[in-house]
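Peer 1: First, the structure itself, so that you have it in front of you.
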Amino acid sequence: MFNQETLDKYSPLDNKVYQLMDDDGIPLSKSWKPSISKEQIMQAYKDLLFERTADFMAISYQRQGRMFTYPPNLGQEAIHIAAGMVMQENDWLVPAFRELGAWLAKGVSLREIFLYFKGNEDGSRFEKANRVLPVAVPIASQLVHAVGLGYAMNYQQEKAAVFAFVGDGGTSEGDFHEALNFAAVWNAPVVFIIQNNQFAISVPLKMQTKSINLAIKGIAYAVPSIVVDGNDLFAMQEVLAFARKHAIEGKGPMLIEARTFRMGAHTTSDDPTKYRTKDEEEEWALKDPLKRIKGYITAKKLMDFSGEEAMVKEFKKKIDLEFEAAEKHPEYPLDDVFAYMYQDMPSELKRQKNAYENYLQNKGGDQ
Amino acid sequence: MFNQETLDKYSPLDNKVYQLMDDDGIPLSKSWKPSISKEQIMQAYKDLLFERTADFMAISYQRQGRMFTYPPNLGQEAIHIAAGMVMQENDWLVPAFRELGAWLAKGVSLREIFLYFKGNEDGSRFEKANRVLPVAVPIASQLVHAVGLGYAMNYQQEKAAVFAFVGDGGTSEGDFHEALNFAAVWNAPVVFIIQNNQFAISVPLKMQTKSINLAIKGIAYAVPSIVVDGNDLFAMQEVLAFARKHAIEGKGPMLIEARTFRMGAHTTSDDPTKYRTKDEEEEWALKDPLKRIKGYITAKKLMDFSGEEAMVKEFKKKIDLEFEAAEKHPEYPLDDVFAYMYQDMPSELKRQKNAYENYLQNKGGDQ
Amino acid sequence: MKVMNMVQAINNAMDTMLAEDKSIVVYGEDVGVEGGVFRVTEGLQGKHGAERVFDSPLAESAIAGTALGMAIAGLKPIIEMQFDGFSYPAFNQILSHIARFRNRTRGKFTVPAVIRIPYGGGINALEHHSESPEAYFGHTPGLKVVIPSTPYDAKGLLIAAIEDPDPVIFMEPKRIYRAIKQEVPEEKYSIPIGKARVVNSGEQLTIIAYGAMIREAQKAIVMAKQKGWSVELIDLRSIWPIDRDTIRESVRKTGRVLIVTEASQSYGPAAELISIVNEEAFLSLEAPPTRLTGFDTVIPLPLGEKYYIISPERIFYEIEKLIRY
Amino acid sequence: MKVMNMVQAINNAMDTMLAEDKSIVVYGEDVGVEGGVFRVTEGLQGKHGAERVFDSPLAESAIAGTALGMAIAGLKPIIEMQFDGFSYPAFNQILSHIARFRNRTRGKFTVPAVIRIPYGGGINALEHHSESPEAYFGHTPGLKVVIPSTPYDAKGLLIAAIEDPDPVIFMEPKRIYRAIKQEVPEEKYSIPIGKARVVNSGEQLTIIAYGAMIREAQKAIVMAKQKGWSVELIDLRSIWPIDRDTIRESVRKTGRVLIVTEASQSYGPAAELISIVNEEAFLSLEAPPTRLTGFDTVIPLPLGEKYYIISPERIFYEIEKLIRY
Ligand SMILES: Cc1ncc(C[n+]2csc(CCOP(=O)(O)OP(=O)(O)O)c2C)c(N)n1
Ligand SMILES: Cc1ncc(C[n+]2csc(CCOP(=O)(O)OP(=O)(O)O)c2C)c(N)n1
Ligand SMILES: [Mg+2]
Ligand SMILES: [Mg+2]
């Protein structure tokens, strides 16, 4: 199991990837045993399958014109599911925008996620989820928020960690740098997770940075850092669990590069064939995180997958219900444009709202 | 002499300082020989003494109320003089604001520097100096300019390097990160020099970052980096000369942490006794770069210093002349507020200028 | 002549200038291989090489700041901010440096760079993809700020921006990127920066607008015409400098003025235009100069956007109020 | 009552609130040990501890962004941007996040942070140390922007800002930090944000100003009084929201209005005020509402600053023109 000793021996300069299973889900070491129970493994498999199903459905809703832009998670789910297993109720989740499974694990409903991507801020209210920040669109800007949360956890003497996500592209932004540095200086309990999916829209990693990996960037701040196989659910789970412990024990931030691949498009308006090869895609398909966890389960004979089709059907029904609930969400009222800008609506906003209402009232039938 | 092999063997992770002389100017290794001539050493000593004298004079002009804020260079001069020796006519100098000797070496006149700190933009026109950017006040923002210059040097196939300065505090800004990363990806011929003078105004280095040194930050970008004794003129000269060669040979950027100490105040409006101890100051006084180069010269019997007083007198006269020239600079005309905003003054600016001129004309005698 | 939409016209302008002037480089996020998320730079890398048209790492402050360095060294960078809302990380570089280097160095160093920014709402986008930040730039001395409303203008103004010796913020109303098709000459031409265009001449009221609002205003004017009202429409084209002459002439004639901008109201672009109207035509005013603008709110996500974005109906409603004043 | 200058009043406000509310933290560059470059936070670290009053690394984007995180977690951060010109690197965090988190999350997460910014010219400073960026903030939905002109107001407004459930940009006219001394209560009091103050009542003309310009306007009004002219002076105090009621009432009475701001002209704060005057009192106007502002130039270095900064004489000159209109 990943522990302090493993970390102490690890250096990102060696450019090694922390990995527990091979591409087929067979453990690399005979002596290794999962640190999670069989039930948890089965649950993780189901959650991953659910995320993937929801993701596919989302894309198809989008294609049907029932939703706007949507960023697919395909291929990166193990990271999200592992984070979901590790995060506790009082931990904070600070997402970028491609962490579907992690949001769900924290209690965000699919209905809300769909609602958000349909274009309604109500989808970011997260009625039942605590301590989840909304999608952060401006790349890397969320990382400094995470550090502020971390400072507050220390200040309030709460034993809680902050899980902050960013993409490989995001590591180029100034806010990435400032966040890591502040987190280190403040000893903030933040677990930074880079989802290195090899691309920032069309820009490949090698045009993003010259460094041999992204975990290496932690050295600049004296933040312990590690490259993990992001498609290896076990490896991710172990490292994240360790990082959480590290954080809440007052040992400060960690930086985790989860190496993965965006198997789908950047968003539903993107066409990856413009900038990457089929070969590359096929190579990474071999490392599909779902395939790998299924390989493990099969090898260990934990279950057979005869029920999978039925389960997916079940999932789809549930997902459809959530989507329909999002579609049935009340019409966006004019009020909502103004109501949430400030706690008490300033008279200037009332004035502007009134003017609009007067227009609506007076424009009559002919326009 | 510092060469590729020295660099290859060096790792900032070891936290070693590249240093050639001890605190008294005695070479640390018997086999080491300066790579610059005696004449150059003597000239460097004189330049350093000149910088220091000009700096003291500047502070006294400021105290006399003849100049506004001024940032003293005391203790950091070896870095500037070494850079001055290394930079060639076609190299670019991208200063922060505490590099007096380097500006002078590139041909900026003291008159201009005084004029600038007296509060006139004319001081940044640099009439005889080529390829020197003006003082950059917003911390670290200049570093990305340097990278743009570097890109242009590559694009135009010029064999020229860009020498870009920043302080220890400046390494915390996002622009530091973005600049280093862009420089690496673009293989830009930029020599980044961090003047680590231990403080950012009142904030000590240990509150600025948790990393053991600042050169280490180069690892994040695969930019070769090194900690150099910034008060050791020889060490600085060797490393900078190497970095320039590295750059113009197409090997890309380097990052040099010049470890030094700001012996004076942050600016003439700062009082360091509020935030640092006498002990600290006295410890660093032992490493005074002027003292050390004089120690070397004395040990090697290159000259005696009997003429120093006369030389300083000479310097003072010259400096006074430059200052007086700055004081005699024509009064700031109204035109200059408007004339340089655009190449052709837009009619809107003409209108605003006219309105002001009308006011001047019409206000009459009684107001 | 070839018929082009605005994307094609802008692409063509860059293509034309890249071919003519070797000092021009084009870069930003995804502008190289991908040809830009709106395909505005499509094909340019293939034609002019990856040293001249290329992807940068994902960092707007550096994109802007390096452009300044390049410009000082004699290049003419055209950079892209991928969306309006992502120009904010570059503000310090734009406001503190790009806008000021000429003045700071008394003309020794200049920054003939162009910063392209697709802007504005109406495309059903995520947050930060629908902003109208032109007032921030307009309030920043040292910049010129240009916004075309047609493919023809887009090409001519972009070429003028590229040839301008000073930095130009070139804002592209993404909502009409592909909405208007027009004959656009394939050869080089330019339209002077700072000159407004009278789109429609009229007698009773002046509408001042720019960008995507021109098309909406035109629709409203058709409606007004049915009522027998004669409305003049000025396309500002340049947000700074502003063509006071054209505004003055028009408002002195009509006595009534309506400013239409998508940007939010307080301290927004419309306020400046109202001030200019007061300064230039106070005595001619027969009704209060009026502004129809975005609210002082964040522009809502797609499902709420309809309230925020100004429709021809709302413009017509204000026209009517002003005419009947 | 104790006599305080503005630095002392602001310090006292923070001291008072730090003592009362353990969720308040104060940080920024040099605000801890040093007590701030203007000594505004002097003594606070000693009194309230280094966990509550502290120096941060040198990075404005992170200073602002971490404040958002803290605020969401229940703290009340008061952060300092060391000078006006150094708030620009924090723009993305302020504009895209701090101003919007409440709206984005439909009220779930709120940002009761205060961003203190010493601003404005007149102190013979280097470049970037004399800026008036209030219009950038005023144009940003989701922020409140407050500017005091006296020690008394400074304390009362800062306490209101700290207690405000939404983010407040608190801009401090550094030029008058120590210029005005006034009796200031040592106990807690607050002044509502959004309410202007009539500094001087008069009949013939209304001057609207704020910050350091109030004192200059007062001097001009003394000059005007000698001519027998009666001038009303409104201290806006709050840049957003703007107190339309006070403006309306005054301009309807006087019919003449002069706006005085140090910020540059185009798309600047004065334009908004002129628009409001048009909207609220068009029919009462007897002369064109006029603005006296900084130029559309970078504020010059100290030796040229005299041209840019508005003197009582220039205000008087405009008063005279308006009165004689
Ligand atoms: C500040 C900023 N600049 C540009 C964009 C436009 N944009 C959206 S996603 C993206 C690429 C992000 O790449 P990465 O960080 O690797 O995350 P991924 O999409 O691969 O998950 C870009 C450039 C943005 N959202 N924010
Ligand atoms: C963006 C920005 N923030 C704040 C300041 C104010 N300031 C001027 S110098 C300074 C400290 C700089 O420290 P360092 O980089 O170590 O350089 P040094 O002064 O020690 O040479 C600060 C905070 C500034 N000039 N620019
Ligand atoms: Mg990516
Ligand atoms: Mg320093």
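Here's how to read the names in the structure tokens: chain A, B, ... by the order shown, residue numbers from 1 in each chain, ligand numbers from 1 in the order shown.
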Residues at most 8 Å from stretch 99-114 of chain B, counting only C-alpha atoms, excluding those fewer than 6 positions away in the same chain, as a PyMOL selection string?
Peer 2: chain B and resi 47-48+51+58+67+73+77+80-81+83-85+87+89+93+122-130+132+319+322-323+325-326
Peer 1: Output the contact residues of chain A with respect to chain B at a cut-off of 12 Å, based on only C-alpha atoms, as a PyMOL selection string.
Peer 2: chain A and resi 11-13+140-141+144+169-187+205-225+252-253
Peer 1: Counting only C-alpha atoms, a student should be able to say which residues of chain B come within 8 Å of chain D; what is the right answer, written as a PyMOL selection string?
Peer 2: chain B and resi 68-69+117-121+137-138+169-170+172-174+200-203+207-209+274-275+332-334+337-338+341+349+352+359+363+367
Peer 1: Check which residues of chain D sit at most 7 Å from chain C using only C-alpha atoms, and return one row each with the closest pair of atoms and their distance in Å to one decimal, ordered by chain and rising number, as a Markdown table.
Peer 2:
```
| residue | atom | partner | partner_atom | distance |
| --- | --- | --- | --- | --- |
| D:Tyr88 | CA | C:Asn92 | CA | 4.8 |
| D:Pro89 | CA | C:Asn92 | CA | 5.2 |
| D:Phe91 | CA | C:Tyr88 | CA | 6.3 |
| D:Asn92 | CA | C:Tyr88 | CA | 4.8 |
| D:Ala135 | CA | C:Tyr267 | CA | 6.1 |
| D:Tyr136 | CA | C:Tyr136 | CA | 5.9 |
| D:Gly138 | CA | C:Tyr267 | CA | 6.1 |
| D:His139 | CA | C:Tyr267 | CA | 4.8 |
| D:Pro141 | CA | C:Thr297 | CA | 5.0 |
| D:Gly142 | CA | C:Thr297 | CA | 6.9 |
| D:Ser266 | CA | C:His139 | CA | 5.4 |
| D:Tyr267 | CA | C:His139 | CA | 4.8 |
| D:Gly268 | CA | C:His139 | CA | 6.0 |
| D:Pro269 | CA | C:Tyr267 | CA | 6.1 |
| D:Ala271 | CA | C:Glu272 | CA | 5.0 |
| D:Glu272 | CA | C:Ala271 | CA | 5.0 |
| D:Ile274 | CA | C:Ser275 | CA | 6.0 |
| D:Ser275 | CA | C:Ala271 | CA | 5.5 |
| D:Asn278 | CA | C:Pro288 | CA | 6.0 |
| D:Glu279 | CA | C:Pro288 | CA | 6.7 |
| D:Phe282 | CA | C:Pro288 | CA | 5.8 |
| D:Pro288 | CA | C:Phe282 | CA | 5.8 |
| D:Pro289 | CA | C:Asn278 | CA | 6.9 |
| D:Asp296 | CA | C:Pro141 | CA | 5.1 |
| D:Thr297 | CA | C:Pro141 | CA | 5.0 |
| D:Val298 | CA | C:Pro141 | CA | 6.1 |
```
Peer 1: How many Å separate atom CA of A:Lys278 from atom CA of A:Gly167?
Peer 2: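 Atom-to-atom, atom CA of A:Lys278 and atom CA of A:Gly167 are spaced 22.2 Å apart.
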Peer 1: Pull the strand (DSSP E or B) assignments for stretch 17-146 of chain A out of DSSP run on the backbone, and list those residues as a ChimeraX atom specification.
Peer 2: /A:17-18,21,27,92-94,132
Peer 1: With N, CA, C and O atoms kept, could you save the residues just selected as a PDB file, in the first residue's frame?
Peer 2:
```pdb
ATOM      1  N   VAL A  17       5.997   5.925 -13.097  1.00  0.00           N
ATOM      2  CA  VAL A  17       4.560   6.036 -12.893  1.00  0.00           C
ATOM      3  C   VAL A  17       4.132   5.052 -11.811  1.00  0.00           C
ATOM      4  O   VAL A  17       4.453   3.858 -11.907  1.00  0.00           O
ATOM      5  N   TYR A  18       3.449   5.539 -10.824  1.00  0.00           N
ATOM      6  CA  TYR A  18       2.941   4.623  -9.792  1.00  0.00           C
ATOM      7  C   TYR A  18       1.742   3.877 -10.360  1.00  0.00           C
ATOM      8  O   TYR A  18       0.728   4.474 -10.728  1.00  0.00           O
ATOM      9  N   MET A  21      -1.810  -2.192 -11.509  1.00  0.00           N
ATOM     10  CA  MET A  21      -2.284  -3.245 -12.418  1.00  0.00           C
ATOM     11  C   MET A  21      -1.711  -3.007 -13.811  1.00  0.00           C
ATOM     12  O   MET A  21      -1.473  -1.870 -14.197  1.00  0.00           O
ATOM     13  N   PRO A  27      -2.567  -7.508 -11.322  1.00  0.00           N
ATOM     14  CA  PRO A  27      -1.641  -6.796 -10.438  1.00  0.00           C
ATOM     15  C   PRO A  27      -0.195  -7.022 -10.852  1.00  0.00           C
ATOM     16  O   PRO A  27       0.190  -8.140 -11.220  1.00  0.00           O
ATOM     17  N   TRP A  92     -13.457  19.141   0.829  1.00  0.00           N
ATOM     18  CA  TRP A  92     -13.920  20.012  -0.251  1.00  0.00           C
ATOM     19  C   TRP A  92     -13.507  19.449  -1.607  1.00  0.00           C
ATOM     20  O   TRP A  92     -12.383  18.960  -1.763  1.00  0.00           O
ATOM     21  N   LEU A  93     -14.400  19.569  -2.548  1.00  0.00           N
ATOM     22  CA  LEU A  93     -14.071  19.225  -3.929  1.00  0.00           C
ATOM     23  C   LEU A  93     -14.058  20.517  -4.750  1.00  0.00           C
ATOM     24  O   LEU A  93     -15.046  21.240  -4.792  1.00  0.00           O
ATOM     25  N   VAL A  94     -12.922  20.783  -5.359  1.00  0.00           N
ATOM     26  CA  VAL A  94     -12.785  21.975  -6.209  1.00  0.00           C
ATOM     27  C   VAL A  94     -12.532  21.492  -7.629  1.00  0.00           C
ATOM     28  O   VAL A  94     -11.395  21.185  -7.994  1.00  0.00           O
ATOM     29  N   VAL A 132     -18.821  21.260  -2.394  1.00  0.00           N
ATOM     30  CA  VAL A 132     -18.392  21.089  -3.786  1.00  0.00           C
ATOM     31  C   VAL A 132     -18.495  22.454  -4.447  1.00  0.00           C
ATOM     32  O   VAL A 132     -19.562  23.075  -4.453  1.00  0.00           O
TER      33      VAL A 132
END
```
Peer 1: If you measure from atom CA of B:Ser269 to atom CA of D:Arg215, what distance in Å do you get, rounded to one decimal?
Peer 2: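 A separation of 25.9 Å between them.
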Peer 1: As a ChimeraX atom specification, please: every residue in stretch 143-219 of chain C that DSSP puts in alpha helix (DSSP H).
Peer 2: /C:151-163,213-219
Peer 1: Please determine, counting only C-alpha atoms, which residue among D:Ala9, D:Ile310, D:Ile169, D:Met4 has the shortest atom-to-atom distance to D:Ile193.
Peer 2: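 With only C-alpha atoms as the atom set, the closest residue is D:Ile169.
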Peer 1: In Å, rounded to a single decimal, give me how far atom CA of D:Glu42 is from atom CA of D:Lys188.
Peer 2: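 Atom-to-atom, atom CA of D:Lys188 and atom CA of D:Glu42 are spaced 19.0 Å apart.
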Peer 1: Find the residue from A:Ala161, A:Leu321, A:Ala355, A:Ile139 that sits nearest to ligand 1; use only C-alpha atoms and all ligand atoms when measuring.
Peer 2: A:Ile139
Peer 1: From the set B:Ser347, B:Arg131, B:Glu5, B:Asp23, which residue has the shortest atom-to-atom contact distance to C:Lys195, counting only C-alpha atoms?
Peer 2: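 Using only C-alpha atoms, C:Lys195 sits closest to B:Ser347.
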